[in-house]
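Next comes structure-v3.txt, with compact mmCIF, C-alpha atoms.
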# COMPACT_ATOMS: atom_id res chain seq x y z
CA MET A 1265 -58.10 -73.05 94.58
CA SER A 1266 -59.61 -70.40 92.41
CA ASP A 1267 -62.90 -69.22 91.10
CA HIS A 1268 -62.73 -67.95 87.54
CA ARG A 1269 -65.21 -65.23 88.44
CA PHE A 1270 -62.73 -63.69 90.89
CA MET A 1271 -61.18 -60.39 89.83
CA LEU A 1272 -58.88 -58.32 92.01
CA ASP A 1273 -60.37 -54.96 92.91
CA PRO A 1274 -58.91 -52.19 90.67
CA LYS A 1275 -57.78 -50.09 93.66
CA LEU A 1276 -55.92 -53.05 95.16
CA THR A 1277 -54.34 -53.68 91.75
CA ALA A 1278 -53.25 -50.05 91.53
CA ASP A 1279 -51.87 -49.78 95.08
CA THR A 1280 -49.89 -53.03 95.30
CA HIS A 1281 -47.30 -55.29 93.69
CA PRO A 1282 -47.96 -59.04 93.48
CA VAL A 1283 -45.64 -61.16 95.64
CA VAL A 1284 -46.81 -64.77 95.52
CA ARG A 1285 -49.89 -66.82 94.87
CA TRP A 1286 -50.86 -69.17 97.68
CA ARG A 1287 -53.49 -71.87 97.66
CA PHE A 1288 -56.35 -69.69 98.89
CA SER A 1289 -55.08 -66.15 98.53
CA ASP A 1290 -52.86 -63.81 96.56
CA VAL A 1291 -50.16 -62.09 98.60
CA LEU A 1292 -49.63 -58.46 97.61
CA LEU A 1293 -47.14 -55.83 98.72
CA MET A 1294 -48.57 -52.39 99.41
CA ASN A 1295 -46.62 -49.84 97.39
CA ASP A 1296 -45.65 -47.82 100.47
CA ALA A 1297 -42.02 -48.09 101.52
CA ARG A 1298 -42.74 -46.61 104.98
CA PHE A 1299 -44.03 -49.96 106.28
CA PRO A 1300 -43.55 -53.65 105.45
CA TRP A 1301 -47.25 -53.85 104.55
CA LEU A 1302 -48.69 -56.94 102.92
CA ILE A 1303 -52.25 -57.64 101.80
CA LEU A 1304 -53.75 -61.10 101.54
CA VAL A 1305 -56.67 -61.43 99.12
CA PRO A 1306 -58.65 -64.68 99.09
CA ARG A 1307 -59.55 -65.52 95.48
CA VAL A 1308 -63.27 -65.66 96.13
CA PRO A 1309 -65.73 -63.46 94.23
CA ASP A 1310 -68.40 -61.35 95.89
CA VAL A 1311 -67.23 -61.76 99.48
CA THR A 1312 -66.71 -58.84 101.86
CA GLU A 1313 -66.47 -60.55 105.27
CA LEU A 1314 -64.34 -63.49 106.37
CA PHE A 1315 -67.33 -65.03 108.15
CA GLN A 1316 -69.05 -65.42 104.77
CA LEU A 1317 -66.51 -68.04 103.69
CA ALA A 1318 -67.24 -71.73 104.18
CA GLY A 1319 -65.38 -73.41 107.05
CA PRO A 1320 -62.46 -75.08 105.24
CA GLN A 1321 -61.84 -72.06 103.01
CA ARG A 1322 -62.00 -69.74 106.01
CA ALA A 1323 -59.55 -71.92 107.93
CA GLY A 1324 -57.20 -71.94 104.94
CA VAL A 1325 -57.27 -68.16 104.65
CA VAL A 1326 -56.70 -67.72 108.40
CA HIS A 1327 -53.77 -70.12 108.23
CA GLU A 1328 -52.26 -68.10 105.38
CA ALA A 1329 -52.71 -64.86 107.37
CA MET A 1330 -51.00 -66.41 110.39
CA VAL A 1331 -48.06 -67.69 108.33
CA LEU A 1332 -47.72 -64.29 106.69
CA GLY A 1333 -47.72 -62.49 110.05
CA GLU A 1334 -45.24 -64.85 111.65
CA THR A 1335 -42.96 -64.65 108.61
CA LEU A 1336 -43.00 -60.84 108.62
CA GLN A 1337 -42.22 -60.80 112.32
CA GLY A 1338 -39.20 -63.00 111.73
CA LEU A 1339 -37.97 -61.31 108.54
CA PHE A 1340 -38.19 -57.76 109.89
CA SER A 1341 -37.82 -58.34 113.65
CA ALA A 1342 -41.12 -56.49 113.98
CA GLU A 1343 -42.19 -55.31 117.43
CA LYS A 1344 -45.84 -55.95 116.58
CA ILE A 1345 -47.84 -57.40 113.73
CA ASN A 1346 -51.04 -55.55 112.84
CA THR A 1347 -53.63 -57.81 111.21
CA ALA A 1348 -56.84 -56.20 110.07
CA MET A 1349 -59.86 -56.60 107.84
CA LEU A 1350 -61.47 -53.20 107.33
CA GLY A 1351 -62.93 -52.87 103.83
CA ASN A 1352 -64.58 -49.49 104.34
CA VAL A 1353 -62.94 -48.20 101.15
CA VAL A 1354 -62.43 -51.45 99.19
CA PRO A 1355 -65.22 -53.87 100.13
CA GLN A 1356 -63.58 -56.91 98.48
CA LEU A 1357 -62.36 -59.15 101.31
CA HIS A 1358 -58.68 -58.51 102.01
CA ILE A 1359 -56.49 -58.82 105.08
CA HIS A 1360 -53.81 -56.28 105.97
CA VAL A 1361 -50.73 -57.81 107.61
CA ILE A 1362 -48.24 -55.12 108.61
CA ALA A 1363 -44.92 -55.23 110.46
CA ARG A 1364 -44.86 -52.38 112.98
CA PHE A 1365 -42.05 -50.70 114.89
CA SER A 1366 -42.03 -48.10 117.63
CA SER A 1367 -39.75 -46.13 115.29
CA ASP A 1368 -42.20 -46.08 112.35
CA SER A 1369 -43.95 -42.87 111.31
CA ALA A 1370 -47.44 -43.90 112.42
CA TRP A 1371 -46.64 -45.62 115.73
CA PRO A 1372 -48.55 -46.28 117.93
CA GLY A 1373 -51.49 -45.36 115.72
CA PRO A 1374 -52.71 -47.47 112.81
CA VAL A 1375 -51.22 -46.93 109.35
CA TRP A 1376 -54.41 -46.28 107.38
CA GLY A 1377 -54.95 -42.71 106.27
CA VAL A 1378 -51.73 -41.48 107.88
CA GLY A 1379 -49.62 -39.20 105.68
CA ALA A 1380 -48.92 -40.04 102.05
CA ALA A 1381 -47.74 -43.39 100.71
CA GLN A 1382 -44.06 -43.41 99.68
CA PRO A 1383 -43.86 -45.56 96.55
CA TYR A 1384 -40.88 -47.94 96.39
CA SER A 1385 -38.01 -47.01 94.09
CA GLN A 1386 -37.28 -49.75 91.52
CA GLY A 1387 -34.23 -50.89 93.45
CA ALA A 1388 -35.94 -50.89 96.83
CA LEU A 1389 -38.91 -52.77 95.37
CA ARG A 1390 -36.70 -55.48 93.87
CA GLN A 1391 -34.85 -55.84 97.17
CA ARG A 1392 -38.07 -55.99 99.20
CA LEU A 1393 -39.64 -58.58 96.87
CA GLU A 1394 -36.50 -60.75 96.98
CA GLN A 1395 -36.47 -60.54 100.77
CA LEU A 1396 -40.13 -61.56 100.96
CA LEU A 1397 -39.78 -64.39 98.45
CA SER A 1398 -36.78 -65.78 100.30
CA GLY A 1399 -38.69 -65.80 103.59
CA LEU A 1400 -42.21 -66.82 102.63
CA PRO A 1401 -42.97 -70.53 102.39
CA ASN A 1402 -44.92 -72.10 99.54
CA LEU A 1403 -48.49 -72.61 100.67
CA MET B 1421 -61.08 -72.77 129.20
CA SER B 1422 -59.00 -70.51 131.37
CA ASP B 1423 -55.53 -70.10 132.65
CA HIS B 1424 -55.39 -68.81 136.21
CA ARG B 1425 -52.38 -66.71 135.33
CA PHE B 1426 -54.45 -64.64 132.88
CA MET B 1427 -55.22 -61.08 133.94
CA LEU B 1428 -57.00 -58.55 131.77
CA ASP B 1429 -54.78 -55.60 130.86
CA PRO B 1430 -55.60 -52.58 133.11
CA LYS B 1431 -56.23 -50.29 130.13
CA LEU B 1432 -58.71 -52.76 128.62
CA THR B 1433 -60.38 -53.02 132.04
CA ALA B 1434 -60.64 -49.23 132.27
CA ASP B 1435 -61.91 -48.67 128.70
CA THR B 1436 -64.57 -51.38 128.49
CA HIS B 1437 -67.61 -53.01 130.08
CA PRO B 1438 -67.79 -56.81 130.31
CA VAL B 1439 -70.52 -58.36 128.15
CA VAL B 1440 -70.20 -62.13 128.26
CA ARG B 1441 -67.64 -64.83 128.91
CA TRP B 1442 -67.22 -67.32 126.08
CA ARG B 1443 -65.26 -70.53 126.10
CA PHE B 1444 -61.99 -69.07 124.86
CA SER B 1445 -62.45 -65.33 125.24
CA ASP B 1446 -64.07 -62.55 127.22
CA VAL B 1447 -66.34 -60.27 125.18
CA LEU B 1448 -66.03 -56.61 126.17
CA LEU B 1449 -67.88 -53.48 125.07
CA MET B 1450 -65.71 -50.45 124.37
CA ASN B 1451 -67.03 -47.53 126.39
CA ASP B 1452 -67.55 -45.36 123.32
CA ALA B 1453 -71.14 -44.82 122.26
CA ARG B 1454 -70.11 -43.53 118.82
CA PHE B 1455 -69.61 -47.07 117.51
CA PRO B 1456 -70.89 -50.57 118.33
CA TRP B 1457 -67.34 -51.58 119.23
CA LEU B 1458 -66.62 -54.92 120.86
CA ILE B 1459 -63.32 -56.40 121.97
CA LEU B 1460 -62.61 -60.10 122.24
CA VAL B 1461 -59.84 -61.07 124.65
CA PRO B 1462 -58.63 -64.69 124.68
CA ARG B 1463 -57.95 -65.71 128.27
CA VAL B 1464 -54.34 -66.68 127.64
CA PRO B 1465 -51.46 -65.08 129.54
CA ASP B 1466 -48.38 -63.61 127.88
CA VAL B 1467 -49.62 -63.75 124.30
CA THR B 1468 -49.47 -60.81 121.91
CA GLU B 1469 -50.09 -62.43 118.50
CA LEU B 1470 -52.82 -64.81 117.40
CA PHE B 1471 -50.25 -66.97 115.62
CA GLN B 1472 -48.66 -67.73 119.00
CA LEU B 1473 -51.73 -69.71 120.08
CA ALA B 1474 -51.83 -73.48 119.58
CA GLY B 1475 -54.02 -74.70 116.71
CA PRO B 1476 -57.24 -75.67 118.52
CA GLN B 1477 -57.19 -72.59 120.75
CA ARG B 1478 -56.50 -70.36 117.76
CA ALA B 1479 -59.37 -71.95 115.84
CA GLY B 1480 -61.66 -71.44 118.82
CA VAL B 1481 -60.76 -67.78 119.12
CA VAL B 1482 -61.21 -67.21 115.37
CA HIS B 1483 -64.61 -68.91 115.54
CA GLU B 1484 -65.63 -66.59 118.38
CA ALA B 1485 -64.46 -63.53 116.41
CA MET B 1486 -66.48 -64.67 113.38
CA VAL B 1487 -69.62 -65.25 115.44
CA LEU B 1488 -69.19 -61.87 117.09
CA GLY B 1489 -68.80 -60.11 113.74
CA GLU B 1490 -71.74 -61.86 112.13
CA THR B 1491 -73.92 -61.14 115.17
CA LEU B 1492 -73.01 -57.44 115.16
CA GLN B 1493 -73.77 -57.23 111.45
CA GLY B 1494 -77.21 -58.71 112.05
CA LEU B 1495 -78.04 -56.77 115.23
CA PHE B 1496 -77.04 -53.36 113.89
CA SER B 1497 -77.50 -53.85 110.13
CA ALA B 1498 -73.88 -52.77 109.80
CA GLU B 1499 -72.58 -51.88 106.36
CA LYS B 1500 -69.17 -53.31 107.20
CA ILE B 1501 -67.54 -55.17 110.04
CA ASN B 1502 -64.01 -54.09 110.95
CA THR B 1503 -62.00 -56.87 112.56
CA ALA B 1504 -58.51 -56.02 113.71
CA MET B 1505 -55.65 -57.08 115.92
CA LEU B 1506 -53.33 -54.13 116.45
CA GLY B 1507 -51.83 -54.14 119.93
CA ASN B 1508 -49.45 -51.21 119.45
CA VAL B 1509 -50.77 -49.59 122.64
CA VAL B 1510 -52.01 -52.64 124.59
CA PRO B 1511 -49.83 -55.62 123.64
CA GLN B 1512 -52.10 -58.22 125.30
CA LEU B 1513 -53.78 -60.13 122.46
CA HIS B 1514 -57.23 -58.68 121.76
CA ILE B 1515 -59.44 -58.49 118.70
CA HIS B 1516 -61.47 -55.42 117.81
CA VAL B 1517 -64.82 -56.22 116.17
CA ILE B 1518 -66.65 -53.05 115.18
CA ALA B 1519 -69.91 -52.41 113.32
CA ARG B 1520 -69.33 -49.62 110.81
CA PHE B 1521 -71.69 -47.36 108.90
CA SER B 1522 -71.14 -44.79 106.15
CA SER B 1523 -72.91 -42.38 108.51
CA ASP B 1524 -70.52 -42.88 111.44
CA SER B 1525 -68.11 -40.15 112.49
CA ALA B 1526 -64.92 -41.91 111.38
CA TRP B 1527 -66.10 -43.43 108.07
CA PRO B 1528 -64.37 -44.50 105.85
CA GLY B 1529 -61.31 -44.25 108.07
CA PRO B 1530 -60.58 -46.58 110.97
CA VAL B 1531 -61.91 -45.72 114.45
CA TRP B 1532 -58.67 -45.80 116.41
CA GLY B 1533 -57.34 -42.44 117.52
CA VAL B 1534 -60.21 -40.51 115.92
CA GLY B 1535 -61.76 -37.83 118.12
CA ALA B 1536 -62.64 -38.49 121.75
CA ALA B 1537 -64.53 -41.50 123.08
CA GLN B 1538 -68.11 -40.71 124.12
CA PRO B 1539 -68.79 -42.76 127.24
CA TYR B 1540 -72.22 -44.42 127.41
CA SER B 1541 -74.81 -42.88 129.71
CA GLN B 1542 -76.14 -45.37 132.28
CA GLY B 1543 -79.37 -45.81 130.34
CA ALA B 1544 -77.69 -46.19 126.97
CA LEU B 1545 -75.22 -48.67 128.42
CA ARG B 1546 -77.98 -50.83 129.90
CA GLN B 1547 -79.86 -50.77 126.61
CA ARG B 1548 -76.74 -51.63 124.58
CA LEU B 1549 -75.81 -54.50 126.90
CA GLU B 1550 -79.35 -55.91 126.80
CA GLN B 1551 -79.33 -55.70 123.01
CA LEU B 1552 -75.99 -57.51 122.82
CA LEU B 1553 -76.95 -60.20 125.32
CA SER B 1554 -80.20 -60.88 123.48
CA GLY B 1555 -78.35 -61.31 120.17
CA LEU B 1556 -75.13 -63.10 121.12
CA PRO B 1557 -75.22 -66.90 121.37
CA ASN B 1558 -73.68 -68.86 124.23
CA LEU B 1559 -70.30 -70.15 123.09
Rewrite the coordinates I just gave you, this time as structure tokens.
Amino acid sequence: MSDHRFMLDPKLTADTHPVVRWRFSDVLLMNDARFPWLILVPRVPDVTELFQLAGPQRAGVVHEAMVLGETLQGLFSAEKINTAMLGNVVPQLHIHVIARFSSDSAWPGPVWGVGAAQPYSQGALRQRLEQLLSGLPNL
Amino acid sequence: MSDHRFMLDPKLTADTHPVVRWRFSDVLLMNDARFPWLILVPRVPDVTELFQLAGPQRAGVVHEAMVLGETLQGLFSAEKINTAMLGNVVPQLHIHVIARFSSDSAWPGPVWGVGAAQPYSQGALRQRLEQLLSGLPNL
């Protein structure tokens, strides 16, 4: 499902790599090798809060976020999944889904605004995308 | 709906004031007057991730989180609602729902781990709880 008026926010475009397109949302990989950090963006224009979506669309997006979180937990043996909708910097509705470990550099704090992003090398990016694509279902 | 084995995490008990009991979750007020900061805790024992809940229970909890966010936005004319499930410090499943403003002390960053909490005075707490109870529906 898509709305032709939808355009991904330029900052999200700049900071991420596309992973897969699901029915309601695009799945993006944050270009920061410190964390397995995915971003789900519902393809709906002019929406900043999940509660603004109509019921079925909202349920579809939530389902996609849950599948993404559960898949990351399995793929990476994450100790905790962080799922968050902030939008203070980029208002366009997007959901962070992040695999967290007590050994990661931001633990137990949140990842936003901590240190500098470490962009993936080409090889590490290819490997990470293959890993994600092998684990994520088609939705 | 409740499970008699459910017990609120001691840190959540210590850091919050109870606001209202909804069908699936308890609504708590974080004892930090810097932000209108609510916490929703589904009364389910031994759960750390929303995706672990069965479908109807999960949908009920998500509905409560959406109502809470929309109510906070209306009550406080918030510029943005932050909705997040982290759990790196307190693993018991809980959902932060926070009204954010470009004038608040953590903007545009997240609120967790920023500065020191400012406990409510007795008068400010009573006023805040009355305001919340007048605005929140019965669920």
(message) Show me, as number ranges by chain, the residues of chain A whose atoms get within 9 Å of chain B, using all atoms listed in the file for the distance check.
(response) A: 1312-1316, 1323, 1326-1327, 1329-1331, 1333-1334, 1343-1353, 1355, 1364-1366, 1371-1374, 1376-1377
(request) Tell me, in Å to one decimal, how far atom CA of B:Asp1466 is from atom CA of A:His1358. (result)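 About the pair atom CA of B:Asp1466 and atom CA of A:His1358: they are 28.3 Å apart.
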(message) Rounded to one decimal, what separation in Å do you get between atom CA of A:Gly1379 and atom CA of A:Leu1293?
(response)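 Atom CA of A:Gly1379 sits 18.2 Å away from atom CA of A:Leu1293.
Atom pair atom CA of A:Phe1288 / atom CA of A:Ile1303: separated by 13.1 Å.
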(message) Could you list, as a ChimeraX atom specification, every residue within 9 Å of B:Pro1462, counting all atoms listed in the file and ignoring same-chain residues fewer than 3 positions away?
(response) /B:1422,1443-1447,1465,1477,1481,1513-1515
Keeping only C-alpha atoms, write the selected residues to a file as an mmCIF file, keeping the file's coordinate frame.
data_model
loop_
_atom_site.group_PDB
_atom_site.id
_atom_site.type_symbol
_atom_site.label_atom_id
_atom_site.label_comp_id
_atom_site.auth_asym_id
_atom_site.auth_seq_id
_atom_site.Cartn_x
_atom_site.Cartn_y
_atom_site.Cartn_z
ATOM 1 C CA SER B 1422 -59.000 -70.510 131.370
ATOM 2 C CA ARG B 1443 -65.260 -70.530 126.100
ATOM 3 C CA PHE B 1444 -61.990 -69.070 124.860
ATOM 4 C CA SER B 1445 -62.450 -65.330 125.240
ATOM 5 C CA ASP B 1446 -64.070 -62.550 127.220
ATOM 6 C CA VAL B 1447 -66.340 -60.270 125.180
ATOM 7 C CA PRO B 1465 -51.460 -65.080 129.540
ATOM 8 C CA GLN B 1477 -57.190 -72.590 120.750
ATOM 9 C CA VAL B 1481 -60.760 -67.780 119.120
ATOM 10 C CA LEU B 1513 -53.780 -60.130 122.460
ATOM 11 C CA HIS B 1514 -57.230 -58.680 121.760
ATOM 12 C CA ILE B 1515 -59.440 -58.490 118.700
#
Let me know the centre plus edge lengths, in Å and rounded to one decimal, of a box with edges along x, y and z that contains all listed atoms of stretch 1312-1329 of chain A and is padded by 5 Å on every side, as JSON.
{"center_x": -60.7, "center_y": -67.0, "center_z": 105.1, "size_x": 26.8, "size_y": 26.2, "size_z": 16.5}
